[in-house]
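Undergrad: Coordinates in query.txt, compact mmCIF, C-alpha atoms, are listed below.
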# COMPACT_ATOMS: atom_id res chain seq x y z
CA MET Y 1 0.00 0.00 0.00
CA ASP Y 2 2.70 2.44 0.96
CA GLU Y 3 4.54 1.68 -2.22
CA ILE Y 4 1.57 2.60 -4.42
CA GLU Y 5 1.05 5.75 -2.48
CA ASN Y 6 4.63 6.83 -3.05
CA LYS Y 7 4.52 5.92 -6.72
CA GLU Y 8 1.30 7.83 -7.28
CA THR Y 9 2.41 11.01 -5.58
CA VAL Y 10 5.62 10.93 -7.60
CA ALA Y 11 3.62 10.17 -10.76
CA SER Y 12 1.69 13.42 -10.73
CA THR Y 13 4.81 15.58 -11.02
CA HIS Y 14 8.10 13.77 -11.38
CA LYS Y 15 11.21 15.66 -10.41
CA ILE Y 16 12.96 17.15 -13.41
CA GLY Y 17 16.18 15.48 -12.26
CA ILE Y 18 14.99 11.99 -13.20
CA TYR Y 19 14.27 13.04 -16.80
CA LEU Y 20 17.62 14.76 -17.13
CA TRP Y 21 19.38 11.69 -15.73
CA ILE Y 22 17.67 9.34 -18.18
CA TRP Y 23 18.35 11.79 -21.00
CA GLY Y 24 22.04 11.86 -20.12
CA LEU Y 25 22.20 8.06 -19.83
CA LEU Y 26 20.61 7.69 -23.27
CA PHE Y 27 23.27 9.97 -24.76
CA VAL Y 28 26.06 8.02 -23.07
CA LEU Y 29 24.63 4.66 -24.19
CA SER Y 30 24.20 5.89 -27.78
CA PHE Y 31 27.78 7.12 -27.72
CA PHE Y 32 28.95 3.72 -26.48
CA SER Y 33 27.04 1.86 -29.18
CA TYR Y 34 28.56 4.17 -31.81
CA MET Y 35 31.99 3.40 -30.35
CA VAL Y 36 31.31 -0.31 -30.96
CA ASP Y 37 31.39 0.49 -34.67
CA TRP Y 38 34.18 3.07 -34.35
CA PHE Y 39 36.63 0.58 -32.84
CA GLN Y 40 35.39 -2.13 -35.24
CA PHE Y 41 34.76 -4.79 -32.60
CA GLN Y 42 33.87 -8.03 -34.36
CA GLY Y 43 32.16 -11.31 -33.63
CA LEU Y 44 30.61 -12.20 -30.32
CA LEU Y 45 31.87 -9.09 -28.52
CA ARG Y 46 30.19 -6.84 -31.11
CA TRP Y 47 26.81 -8.62 -30.88
CA THR Y 48 26.73 -8.69 -27.10
CA LEU Y 49 27.69 -5.01 -26.76
CA ILE Y 50 25.16 -3.92 -29.39
CA LEU Y 51 22.38 -5.93 -27.72
CA ILE Y 52 23.24 -4.74 -24.18
CA PHE Y 53 23.25 -1.07 -25.17
CA MET Y 54 20.10 -1.53 -27.26
CA PHE Y 55 18.09 -3.19 -24.46
CA LEU Y 56 19.31 -0.67 -21.88
CA LYS Y 57 18.24 2.23 -24.09
CA ALA Y 58 14.88 0.65 -24.93
CA GLY Y 59 14.27 -0.16 -21.28
CA LEU Y 60 15.07 3.35 -20.08
CA ILE Y 61 12.84 4.96 -22.71
CA MET Y 62 9.91 2.66 -21.93
CA ALA Y 63 10.25 2.75 -18.14
CA PHE Y 64 10.77 6.47 -17.58
CA PHE Y 65 10.01 8.49 -20.73
CA MET Y 66 6.89 6.43 -21.43
CA HIS Y 67 6.10 6.24 -17.68
CA LEU Y 68 5.67 2.45 -17.64
CA PHE Y 69 7.59 2.26 -14.35
CA TRP Y 70 4.78 4.18 -12.66
CA GLU Y 71 1.85 2.42 -14.38
CA ARG Y 72 -0.19 -0.34 -12.76
CA TYR Y 73 0.67 -3.96 -13.60
CA ALA Y 74 -2.59 -4.42 -15.52
CA LEU Y 75 -1.30 -2.12 -18.28
CA VAL Y 76 2.38 -3.12 -18.06
CA ASN Y 77 1.60 -6.82 -18.49
CA VAL Y 78 -0.78 -6.29 -21.39
CA LEU Y 79 2.13 -4.58 -23.15
CA LEU Y 80 5.02 -6.81 -22.18
CA TRP Y 81 3.56 -10.30 -22.70
CA PRO Y 82 2.95 -9.96 -26.45
CA MET Y 83 6.65 -9.14 -26.73
CA THR Y 84 7.30 -12.71 -25.55
CA ALA Y 85 5.37 -13.94 -28.58
CA ILE Y 86 7.64 -11.80 -30.77
CA ALA Y 87 10.69 -13.36 -29.11
CA CYS Y 88 9.34 -16.84 -29.95
CA PHE Y 89 8.73 -15.70 -33.53
CA ILE Y 90 12.34 -14.51 -33.78
CA GLY Y 91 13.54 -17.90 -32.56
CA LEU Y 92 11.40 -19.70 -35.16
CA MET Y 93 12.65 -17.49 -37.97
CA VAL Y 94 16.30 -18.00 -37.00
CA ALA Y 95 15.79 -21.73 -37.46
CA GLU Y 96 13.93 -21.10 -40.73
CA ALA Y 97 16.72 -18.84 -42.06
CA LYS Y 98 19.35 -21.48 -41.32
CA TYR Y 99 17.30 -24.04 -43.21
CA THR Y 100 16.85 -21.68 -46.18
CA VAL Y 101 20.55 -20.90 -46.49
CA PHE Y 102 21.32 -24.62 -46.14
CA THR Y 103 19.03 -25.55 -49.03
CA ARG Y 104 20.35 -22.65 -51.15
CA LEU Y 105 23.94 -23.74 -50.65
CA LEU Y 106 22.98 -27.34 -51.33
CA TYR Y 107 21.07 -26.76 -54.56
CA PHE Y 108 22.79 -23.66 -56.00
CA PHE Y 109 26.39 -24.65 -55.38
CA ILE Y 110 26.82 -28.29 -54.51
CA GLY Y 111 23.90 -29.50 -56.59
CA GLY Y 112 21.61 -31.79 -54.61
CA MET I 1 -2.41 10.03 -13.04
CA SER I 2 -3.01 11.56 -9.62
CA ASP I 3 -6.29 9.79 -9.06
CA ASN I 4 -6.80 9.52 -5.32
CA SER I 5 -8.98 6.40 -5.52
CA LEU I 6 -5.95 4.44 -6.75
CA LYS I 7 -4.27 4.79 -3.38
CA ASN I 8 -6.64 2.29 -1.79
CA LEU I 9 -5.92 -0.41 -4.40
CA PRO I 10 -3.22 -3.06 -4.03
CA GLY I 11 -0.28 -2.92 -6.43
CA GLY I 12 1.81 -5.51 -8.25
CA PHE I 13 0.40 -8.78 -9.58
CA LYS I 14 -2.30 -8.92 -6.90
CA GLY I 15 -3.50 -5.53 -8.08
CA MET I 16 -3.36 -6.70 -11.68
CA SER I 17 -5.62 -9.70 -11.05
CA GLN I 18 -8.04 -7.50 -9.10
CA ASP I 19 -8.07 -4.83 -11.84
CA MET I 20 -8.68 -7.39 -14.56
CA GLY I 21 -11.41 -9.19 -12.59
CA SER I 22 -13.15 -6.08 -11.27
CA ASP I 23 -15.98 -6.25 -13.84
CA GLN I 24 -15.37 -2.60 -14.72
CA THR I 25 -12.53 -0.46 -16.04
CA ALA I 26 -9.51 -2.76 -16.15
CA PHE I 27 -6.88 -0.06 -16.62
CA LYS I 28 -7.51 1.97 -13.51
CA GLY I 29 -6.28 5.54 -13.44
CA VAL I 30 -5.38 5.47 -17.13
CA GLN I 31 -7.35 7.76 -19.44
CA TRP I 32 -8.97 5.77 -22.25
CA GLY I 33 -7.10 7.66 -24.96
CA LYS I 34 -3.84 6.63 -23.38
CA VAL I 35 -4.89 2.96 -23.35
CA MET I 36 -5.85 3.23 -27.01
CA MET I 37 -2.49 4.78 -27.87
CA TRP I 38 -0.72 1.93 -26.06
CA ILE I 39 -2.77 -0.66 -27.96
CA PHE I 40 -1.94 1.10 -31.22
CA LEU I 41 1.74 1.19 -30.33
CA LEU I 42 1.61 -2.51 -29.51
CA SER I 43 0.21 -3.26 -32.96
CA ASP I 44 2.88 -1.00 -34.48
CA THR I 45 5.47 -2.98 -32.54
CA PHE I 46 4.27 -6.08 -34.33
CA ILE I 47 4.57 -4.39 -37.72
CA PHE I 48 8.12 -3.22 -37.08
CA SER I 49 9.01 -6.60 -35.58
CA CYS I 50 7.81 -8.30 -38.76
CA PHE I 51 10.01 -5.97 -40.84
CA LEU I 52 13.05 -6.56 -38.67
CA ILE I 53 12.49 -10.31 -38.48
CA SER I 54 12.12 -10.58 -42.26
CA TYR I 55 15.29 -8.49 -42.56
CA MET I 56 17.06 -10.93 -40.22
CA LYS I 57 15.79 -13.86 -42.25
CA GLY I 58 16.76 -12.26 -45.55
CA ARG I 59 20.20 -11.35 -44.32
CA THR I 60 21.08 -14.71 -42.78
CA SER I 61 19.75 -16.76 -45.70
CA THR I 62 21.48 -14.88 -48.54
CA VAL I 63 24.46 -16.66 -50.06
CA VAL I 64 26.04 -13.37 -51.21
CA ASP I 65 27.97 -11.19 -48.70
CA TRP I 66 25.94 -8.49 -46.98
CA PRO I 67 27.19 -4.91 -47.66
CA ASN I 68 29.46 -3.50 -44.94
CA THR I 69 27.12 -0.92 -43.43
CA SER I 70 29.83 1.12 -41.75
CA GLU I 71 31.34 1.74 -45.21
CA VAL I 72 28.04 2.18 -47.07
CA PHE I 73 26.80 4.77 -44.56
CA SER I 74 30.12 6.56 -44.10
CA LEU I 75 30.35 10.28 -44.72
CA HIS I 76 33.38 12.08 -46.14
CA VAL I 77 34.60 14.92 -43.93
CA ASN I 78 37.63 16.74 -45.36
CA GLY I 79 38.30 13.76 -47.56
CA VAL I 80 38.33 11.27 -44.67
CA ALA I 81 35.56 8.65 -44.52
CA VAL I 82 33.92 8.69 -41.09
CA PRO I 83 31.86 5.51 -40.59
CA LEU I 84 28.15 5.92 -39.75
CA LEU I 85 28.60 9.63 -39.01
CA LEU I 86 25.22 10.74 -40.35
CA ILE I 87 23.42 7.87 -38.60
CA ALA I 88 25.10 8.75 -35.30
CA ILE I 89 24.01 12.39 -35.64
CA MET I 90 20.47 11.27 -36.52
CA THR I 91 20.42 9.07 -33.40
CA PHE I 92 21.51 11.94 -31.19
CA VAL I 93 18.98 14.32 -32.74
CA LEU I 94 16.16 11.84 -32.13
CA ILE I 95 17.20 11.23 -28.52
CA THR I 96 17.40 14.98 -27.95
CA SER I 97 13.87 15.40 -29.27
CA SER I 98 12.70 12.51 -27.08
CA GLY I 99 14.11 14.28 -24.02
CA THR I 100 12.41 17.58 -24.87
CA MET I 101 9.15 15.68 -25.35
CA ALA I 102 9.46 14.02 -21.93
CA LEU I 103 9.97 17.44 -20.36
CA ALA I 104 7.03 18.84 -22.34
CA VAL I 105 4.78 16.18 -20.80
CA LYS I 106 6.04 17.06 -17.34
CA TYR I 107 5.46 20.80 -17.81
CA GLY I 108 2.10 20.06 -19.38
CA TYR I 109 0.91 18.30 -16.23
CA GLU I 110 2.24 21.22 -14.20
CA LYS I 111 0.10 23.52 -16.40
CA ASN I 112 3.18 25.47 -17.44
CA ARG I 113 1.75 26.49 -20.82
CA LYS I 114 4.69 28.43 -22.29
CA MET I 115 7.36 25.91 -21.31
CA CYS I 116 5.25 23.00 -22.60
CA GLY I 117 4.61 24.73 -25.93
CA TRP I 118 8.23 25.67 -26.54
CA LEU I 119 9.42 22.15 -25.69
CA ILE I 120 6.92 20.58 -28.10
CA LEU I 121 8.08 23.03 -30.77
CA ALA I 122 11.70 22.03 -30.07
CA THR I 123 10.69 18.37 -30.40
CA ALA I 124 9.00 19.07 -33.73
CA ILE I 125 12.10 20.86 -35.04
CA GLY I 126 14.26 17.94 -33.91
CA GLY I 127 11.99 15.54 -35.77
CA LEU I 128 12.07 17.74 -38.87
CA THR I 129 15.89 17.75 -38.75
CA PHE I 130 15.83 13.96 -38.53
CA VAL I 131 13.55 13.60 -41.56
CA GLY I 132 15.73 16.06 -43.48
CA MET I 133 18.86 14.05 -42.77
CA GLN I 134 17.06 10.86 -43.74
CA ALA I 135 16.06 12.43 -47.06
CA PHE I 136 19.72 13.35 -47.59
CA GLU I 137 20.78 9.77 -46.81
CA TRP I 138 18.21 8.32 -49.19
CA SER I 139 19.20 10.62 -52.05
CA LYS I 140 22.89 9.82 -51.43
CA LEU I 141 22.25 6.08 -51.61
CA ILE I 142 19.96 6.37 -54.63
CA HIS I 143 22.65 8.44 -56.33
CA GLU I 144 25.17 5.68 -55.62
CA GLY I 145 22.89 3.20 -57.37
CA VAL I 146 21.04 1.52 -54.48
CA ARG I 147 17.59 0.33 -55.58
CA PRO I 148 15.06 -1.97 -53.93
CA TRP I 149 16.13 -4.68 -56.38
CA GLU I 150 19.89 -4.12 -56.61
CA ASN I 151 22.90 -2.31 -55.17
CA PRO I 152 26.58 -2.10 -56.02
CA PHE I 153 27.78 -3.15 -52.56
CA GLY I 154 26.69 -6.78 -52.23
CA ALA I 155 23.53 -8.75 -51.47
CA LYS I 156 20.58 -7.48 -53.50
CA GLN I 157 18.16 -7.74 -50.56
CA PHE I 158 19.96 -4.86 -48.84
CA GLY I 159 18.20 -2.18 -50.86
CA SER I 160 14.68 -3.47 -50.36
CA PHE I 161 15.10 -3.87 -46.60
CA PHE I 162 16.77 -0.47 -46.28
CA PHE I 163 14.06 1.46 -48.11
CA MET I 164 11.24 -0.51 -46.49
CA ILE I 165 12.39 -0.23 -42.87
CA THR I 166 13.79 3.30 -42.84
CA GLY I 167 10.97 4.46 -45.08
CA PHE I 168 8.31 3.17 -42.74
CA HIS I 169 10.10 4.65 -39.75
CA GLY I 170 10.54 7.97 -41.57
CA THR I 171 6.81 8.03 -42.31
CA HIS I 172 6.13 7.62 -38.60
CA VAL I 173 8.49 10.48 -37.79
CA SER I 174 6.88 12.72 -40.41
CA ILE I 175 3.37 12.05 -39.08
CA GLY I 176 4.68 12.72 -35.57
CA VAL I 177 6.19 16.05 -36.66
CA ILE I 178 2.86 17.16 -38.15
CA PHE I 179 1.04 16.34 -34.92
CA LEU I 180 3.75 18.00 -32.82
CA PHE I 181 3.29 21.27 -34.74
CA ILE I 182 -0.50 21.05 -34.37
CA TYR I 183 -0.25 20.38 -30.64
CA SER I 184 2.32 23.10 -29.97
CA ARG I 185 -0.13 25.55 -31.55
CA LYS I 186 -2.95 24.16 -29.40
CA VAL I 187 -0.83 24.48 -26.26
CA PHE I 188 0.23 28.07 -27.03
CA ARG I 189 -3.38 28.96 -27.79
CA GLY I 190 -4.31 27.68 -24.33
CA ASP I 191 -6.73 24.97 -25.45
CA PHE I 192 -5.63 22.68 -22.64
CA ASP I 193 -5.98 25.30 -19.91
CA LYS I 194 -9.48 26.34 -20.98
CA GLY I 195 -10.61 22.80 -21.77
CA LYS I 196 -11.57 23.93 -25.27
CA ARG I 197 -13.47 21.33 -27.26
CA GLY I 198 -11.55 19.77 -30.15
CA PHE I 199 -12.81 20.29 -33.72
CA PHE I 200 -12.74 16.57 -34.50
CA THR I 201 -13.98 14.73 -31.41
CA SER I 202 -15.55 17.79 -29.70
CA MET I 203 -14.27 16.52 -26.36
CA LYS I 204 -12.70 18.76 -23.77
CA SER I 205 -8.95 19.25 -24.21
CA ASP I 206 -6.77 17.97 -21.39
CA TYR I 207 -3.03 17.91 -20.86
CA VAL I 208 -3.21 14.10 -20.94
CA ALA I 209 -3.23 14.56 -24.72
CA ILE I 210 0.36 15.76 -24.47
CA GLU I 211 1.32 12.56 -22.70
CA ILE I 212 -0.40 10.50 -25.42
CA LEU I 213 1.45 12.47 -28.09
CA GLY I 214 4.62 11.88 -26.06
CA LEU I 215 4.00 8.12 -26.02
CA TYR I 216 3.88 8.11 -29.82
CA TRP I 217 7.02 10.20 -30.11
CA HIS I 218 8.99 8.05 -27.65
CA PHE I 219 7.86 4.98 -29.56
CA VAL I 220 9.34 6.42 -32.76
CA ASP I 221 12.60 6.89 -30.87
CA LEU I 222 12.30 3.36 -29.46
CA VAL I 223 11.95 1.85 -32.93
CA TRP I 224 14.99 3.82 -34.07
CA VAL I 225 17.00 2.27 -31.22
CA PHE I 226 16.26 -1.16 -32.69
CA ILE I 227 16.84 -0.12 -36.30
CA PHE I 228 20.14 1.53 -35.34
CA ALA I 229 21.30 -1.63 -33.56
CA PHE I 230 20.14 -4.23 -36.05
CA PHE I 231 20.36 -2.51 -39.41
CA TYR I 232 23.27 -0.11 -39.07
CA LEU I 233 25.53 -1.54 -36.38
CA TRP I 234 25.06 -5.30 -36.72
Can the structure in the file be given as structure tokens, please?
TA:
Amino acid sequence: MDEIENKETVASTHKIGIYLWIWGLLFVLSFFSYMVDWFQFQGLLRWTLILIFMFLKAGLIMAFFMHLFWERYALVNVLLWPMTAIACFIGLMVAEAKYTVFTRLLYFFIGG
Amino acid sequence: MSDNSLKNLPGGFKGMSQDMGSDQTAFKGVQWGKVMMWIFLLSDTFIFSCFLISYMKGRTSTVVDWPNTSEVFSLHVNGVAVPLLLIAIMTFVLITSSGTMALAVKYGYEKNRKMCGWLILATAIGGLTFVGMQAFEWSKLIHEGVRPWENPFGAKQFGSFFFMITGFHGTHVSIGVIFLFIYSRKVFRGDFDKGKRGFFTSMKSDYVAIEILGLYWHFVDLVWVFIFAFFYLW
């Protein structure tokens, strides 16, 4: 109960500091992700860094700029669960892409 | 947002099950327009996900090498090729405009009319700058011979995915800019302070509209985060 009360009173007028902090963090994270390309990191290191910075940025924007952190769970869950379906879809399509490239290599180059 | 009746409700998952099973408004304390905007953004998420997933599938299944994006999108400054320079500037411009929008929402709820209006105007100008730079990027690539069906740098699929994904995102930004200009005018005119009725829905204006507009604008920034990571950096 106390927690909700706090969240709601903050929700009506958030301190300007929190927005400026998130804003600054987004700039820093964007700068870092640009540096990934600048220093030409390759392979696993590149993918992990890109994904970490991407998810951090997306999370900060959604939680604070889009106020999801202060919303009730009823709304938050309606938004976040369909994303799980998208994640499953990505997994399926990764498998599908591997199969497609396998058949292309087999029939175009080796000759099945 | 500052609905007092919410204070007596439980939070977390217990609150969620109560809200959903309350046989009345499920999204308590959320104005209906805001719920609708969230639902719209969720459907838009699916559209952009489909684009990005098909891009992933196209890129991994091509037997020709994918173009090196940091070379394709490099910009020559004093004769030196700086990789992804324009894209980096576009990213920073969009984040800047997202920050001004967040502050506009805050000042809107505080009924600070002037500050809110100027910040929305700044957001609109940021968005316009972004679209301008995207138009420059498109014309540069078209000039270099990139088409939806071919390009001189490698895999043919590159062109179609590039124009489709950035084009759809650019359309979203352009629509957002139009609405930002309209709403900055409405704010300066004092529609939201007087509760003036809108010409289209004839409902009373409320500063919650600025938050809804903000949700859309942050979403455009959010999509760009993913496009930047997957299309340009990967």
Undergrad: From the options I:Asn78, I:Ser98, I:Gln18, I:Thr123, which residue's atoms come nearest to Leu60 of chain Y, counting all atoms listed in the file?
TA: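 The shortest atom-to-atom distance to Leu60 of chain Y comes from I:Ser98.
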Undergrad: Please provide as a count of residues only all residues within 9 Å of segment 144-148 of chain I, with the sequence filter that same-chain residues fewer than 2 positions apart are discarded (counting all atoms listed in the file).
TA: 17
Undergrad: Skip segment 98-111 of chain Y itself and residues of its chain fewer than 3 positions away, then list as a PyMOL selection string all residues within 9 Å of it, counting only C-alpha atoms.
TA: (chain Y and resi 93-95) or (chain I and resi 57+60-63)
Undergrad: Identify which of the residues Y:Asp37, Y:Thr48, Y:Phe65, Y:Phe55 lies closest to Ser97 of chain I, counting all atoms listed in the file when measuring atom-to-atom distances.
TA: Y:Phe65
Undergrad: Please provide the set of residues having any atom within 9 Å of segment 193-198 of chain I, restricted to only C-alpha atoms, with same-chain residues fewer than 5 positions apart removed, written as a list in words.
TA: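 After dropping sequence-adjacent residues, the list is Lys111, Arg113, Val187, Met203, Lys204, Ser205, Asp206 and Tyr207 of chain I.
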Undergrad: Kindly indicate which residue among I:Trp149, I:Phe46, I:Tyr216, I:Phe199 lies nearest to Met66 of chain Y, using all atoms listed in the file for the distances.
TA: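 For Met66 of chain Y, the nearest of the given residues is I:Tyr216.
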Undergrad: Please measure the separation of atom CA of Ser54 of chain I and atom CA of Leu222 of chain I, giving the value in Å to one decimal.
TA: 18.9 Å
Undergrad: For Phe228 of chain I, please output as an NGL selection string all residues within 9 Å (counting only C-alpha atoms; exclusion window: fewer than 5 positions along the same chain).
TA: (:Y and (54)) or (:I and (87-88 or 91 or 223 or 233-234))
Undergrad: Let's have the selection written as an mmCIF file, in the coordinates of the input, with C-alpha atoms.
TA:
data_model
loop_
_atom_site.group_PDB
_atom_site.id
_atom_site.type_symbol
_atom_site.label_atom_id
_atom_site.label_comp_id
_atom_site.auth_asym_id
_atom_site.auth_seq_id
_atom_site.Cartn_x
_atom_site.Cartn_y
_atom_site.Cartn_z
ATOM 1 C CA MET Y 54 20.100 -1.530 -27.260
ATOM 2 C CA ILE I 87 23.420 7.870 -38.600
ATOM 3 C CA ALA I 88 25.100 8.750 -35.300
ATOM 4 C CA THR I 91 20.420 9.070 -33.400
ATOM 5 C CA VAL I 223 11.950 1.850 -32.930
ATOM 6 C CA LEU I 233 25.530 -1.540 -36.380
ATOM 7 C CA TRP I 234 25.060 -5.300 -36.720
#
Undergrad: What gap, in Å, lies between atom CA of Phe130 of chain I and atom CA of Asp44 of chain I?
TA: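 We find that atom CA of Phe130 of chain I and atom CA of Asp44 of chain I lie 20.2 Å from each other.
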Undergrad: Sorted by chain and rising residue number, which residues of chain I lie within 7 Å of chain Y, and what are their closest atom pairs and distances in Å to one decimal, counting all atoms listed in the file, as CSV?
TA:
residue,atom,partner,partner_atom,distance
I:Met1,CA,Y:Ser12,CA,5.8
I:Ser2,CA,Y:Ser12,CA,5.2
I:Lys7,CA,Y:Glu5,CA,5.5
I:Pro10,CA,Y:Met1,CA,6.0
I:Gly11,CA,Y:Ile4,CA,6.2
I:Gly12,CA,Y:Tyr73,CA,5.7
I:Phe13,CA,Y:Tyr73,CA,6.3
I:Met16,CA,Y:Ala74,CA,4.5
I:Asp19,CA,Y:Ala74,CA,6.6
I:Met20,CA,Y:Ala74,CA,6.8
I:Phe27,CA,Y:Leu75,CA,6.2
I:Leu42,CA,Y:Leu79,CA,6.7
I:Ile53,CA,Y:Ile90,CA,6.3
I:Lys57,CA,Y:Ala97,CA,5.1
I:Thr60,CA,Y:Ala97,CA,6.0
I:Ser61,CA,Y:Val101,CA,4.3
I:Thr62,CA,Y:Val101,CA,6.4
I:Val63,CA,Y:Val101,CA,6.8
I:Ala88,CA,Y:Tyr34,CA,6.7
I:Phe92,CA,Y:Phe27,CA,7.0
I:Gly99,CA,Y:Trp23,CA,5.8
I:Ala102,CA,Y:Phe65,CA,5.7
I:Lys106,CA,Y:Thr13,CA,6.6
I:Glu110,CA,Y:Thr13,CA,7.0
I:Leu215,CA,Y:Met66,CA,5.7
I:His218,CA,Y:Met66,CA,6.8
I:Leu222,CA,Y:Ala58,CA,5.9
I:Val225,CA,Y:Met54,CA,6.3
I:Phe226,CA,Y:Met54,CA,6.7
I:Ala229,CA,Y:Ile50,CA,6.1
I:Leu233,CA,Y:Asp37,CA,6.4
I:Trp234,CA,Y:Trp47,CA,6.9
Undergrad: Separation of atom CA of Val173 of chain I and atom CA of Phe219 of chain I, in Å?
TA: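 Atom-to-atom, atom CA of Val173 of chain I to atom CA of Phe219 of chain I, that is 9.9 Å.
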Undergrad: Nearest to Leu180 of chain I among I:Asp65, I:Glu137, I:Asp23, I:Glu211, with distances taken over all atoms listed in the file: which residue is it?
TA: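 Smallest separation from Leu180 of chain I among the options: I:Glu211.
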Undergrad: Can you work out which one of I:Phe231, I:Phe200, I:Trp138, I:Trp217 has the shortest atom-to-atom distance to Ile175 of chain I, counting only C-alpha atoms?
TA: I:Trp217
Undergrad: Ranking I:Val77, I:Ala124, I:Met133, I:Cys116 by minimum distance to Thr166 of chain I and counting all atoms listed in the file, which one comes first?
TA: I:Met133
Undergrad: With a distance cut-off of 7 Å and all atoms listed in the file, select the neighbouring residues of Leu75 of chain I, excluding the residue or stretch itself and same-chain residues fewer than 2 positions from it, and output the selection as a PDB file with C-alpha atoms, keeping the file's coordinate frame.
TA:
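Written file, selection-v2.pdb:
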ATOM      1  CA  PHE I  73      26.800   4.770 -44.560  1.00  0.00           C
ATOM      2  CA  VAL I  77      34.600  14.920 -43.930  1.00  0.00           C
ATOM      3  CA  ALA I  81      35.560   8.650 -44.520  1.00  0.00           C
ATOM      4  CA  VAL I  82      33.920   8.690 -41.090  1.00  0.00           C
ATOM      5  CA  PRO I  83      31.860   5.510 -40.590  1.00  0.00           C
ATOM      6  CA  LEU I  84      28.150   5.920 -39.750  1.00  0.00           C
ATOM      7  CA  LEU I  85      28.600   9.630 -39.010  1.00  0.00           C
ATOM      8  CA  LEU I  86      25.220  10.740 -40.350  1.00  0.00           C
TER       9      LEU I  86
END
Undergrad: For segment 93-109 of chain Y of the structure just presented, write N, CA and C atoms to a file, as a PDB file, in the first residue's frame.
TA:
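Output contents, as saved in decode.pdb:
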ATOM      1  N   MET Y  93      12.138 -17.967 -36.695  1.00  0.00           N
ATOM      2  CA  MET Y  93      12.653 -17.493 -37.971  1.00  0.00           C
ATOM      3  C   MET Y  93      14.166 -17.679 -38.086  1.00  0.00           C
ATOM      4  N   VAL Y  94      14.861 -17.694 -36.957  1.00  0.00           N
ATOM      5  CA  VAL Y  94      16.297 -17.998 -36.996  1.00  0.00           C
ATOM      6  C   VAL Y  94      16.494 -19.410 -37.536  1.00  0.00           C
ATOM      7  N   ALA Y  95      15.698 -20.344 -37.001  1.00  0.00           N
ATOM      8  CA  ALA Y  95      15.789 -21.731 -37.464  1.00  0.00           C
ATOM      9  C   ALA Y  95      15.434 -21.820 -38.950  1.00  0.00           C
ATOM     10  N   GLU Y  96      14.386 -21.093 -39.339  1.00  0.00           N
ATOM     11  CA  GLU Y  96      13.928 -21.102 -40.728  1.00  0.00           C
ATOM     12  C   GLU Y  96      15.018 -20.554 -41.669  1.00  0.00           C
ATOM     13  N   ALA Y  97      15.680 -19.456 -41.237  1.00  0.00           N
ATOM     14  CA  ALA Y  97      16.717 -18.836 -42.063  1.00  0.00           C
ATOM     15  C   ALA Y  97      17.878 -19.800 -42.261  1.00  0.00           C
ATOM     16  N   LYS Y  98      18.237 -20.523 -41.207  1.00  0.00           N
ATOM     17  CA  LYS Y  98      19.351 -21.478 -41.324  1.00  0.00           C
ATOM     18  C   LYS Y  98      19.001 -22.572 -42.317  1.00  0.00           C
ATOM     19  N   TYR Y  99      17.737 -23.008 -42.267  1.00  0.00           N
ATOM     20  CA  TYR Y  99      17.304 -24.042 -43.210  1.00  0.00           C
ATOM     21  C   TYR Y  99      17.355 -23.511 -44.638  1.00  0.00           C
ATOM     22  N   THR Y 100      16.872 -22.256 -44.836  1.00  0.00           N
ATOM     23  CA  THR Y 100      16.854 -21.678 -46.183  1.00  0.00           C
ATOM     24  C   THR Y 100      18.263 -21.581 -46.755  1.00  0.00           C
ATOM     25  N   VAL Y 101      19.194 -21.073 -45.964  1.00  0.00           N
ATOM     26  CA  VAL Y 101      20.551 -20.905 -46.487  1.00  0.00           C
ATOM     27  C   VAL Y 101      21.184 -22.281 -46.733  1.00  0.00           C
ATOM     28  N   PHE Y 102      20.813 -23.249 -45.922  1.00  0.00           N
ATOM     29  CA  PHE Y 102      21.325 -24.618 -46.135  1.00  0.00           C
ATOM     30  C   PHE Y 102      20.860 -25.162 -47.482  1.00  0.00           C
ATOM     31  N   THR Y 103      19.541 -25.018 -47.753  1.00  0.00           N
ATOM     32  CA  THR Y 103      19.033 -25.547 -49.030  1.00  0.00           C
ATOM     33  C   THR Y 103      19.609 -24.774 -50.213  1.00  0.00           C
ATOM     34  N   ARG Y 104      19.790 -23.436 -50.045  1.00  0.00           N
ATOM     35  CA  ARG Y 104      20.355 -22.646 -51.153  1.00  0.00           C
ATOM     36  C   ARG Y 104      21.768 -23.122 -51.476  1.00  0.00           C
ATOM     37  N   LEU Y 105      22.569 -23.289 -50.435  1.00  0.00           N
ATOM     38  CA  LEU Y 105      23.945 -23.738 -50.652  1.00  0.00           C
ATOM     39  C   LEU Y 105      23.946 -25.119 -51.301  1.00  0.00           C
ATOM     40  N   LEU Y 106      23.030 -25.957 -50.823  1.00  0.00           N
ATOM     41  CA  LEU Y 106      22.984 -27.338 -51.329  1.00  0.00           C
ATOM     42  C   LEU Y 106      22.619 -27.369 -52.805  1.00  0.00           C
ATOM     43  N   TYR Y 107      21.558 -26.638 -53.194  1.00  0.00           N
ATOM     44  CA  TYR Y 107      21.071 -26.757 -54.564  1.00  0.00           C
ATOM     45  C   TYR Y 107      21.751 -25.804 -55.540  1.00  0.00           C
ATOM     46  N   PHE Y 108      22.177 -24.612 -55.075  1.00  0.00           N
ATOM     47  CA  PHE Y 108      22.792 -23.661 -56.002  1.00  0.00           C
ATOM     48  C   PHE Y 108      24.256 -24.013 -56.268  1.00  0.00           C
ATOM     49  N   PHE Y 109      24.945 -24.509 -55.238  1.00  0.00           N
ATOM     50  CA  PHE Y 109      26.392 -24.647 -55.378  1.00  0.00           C
ATOM     51  C   PHE Y 109      26.864 -26.099 -55.428  1.00  0.00           C
TER      52      PHE Y 109
END
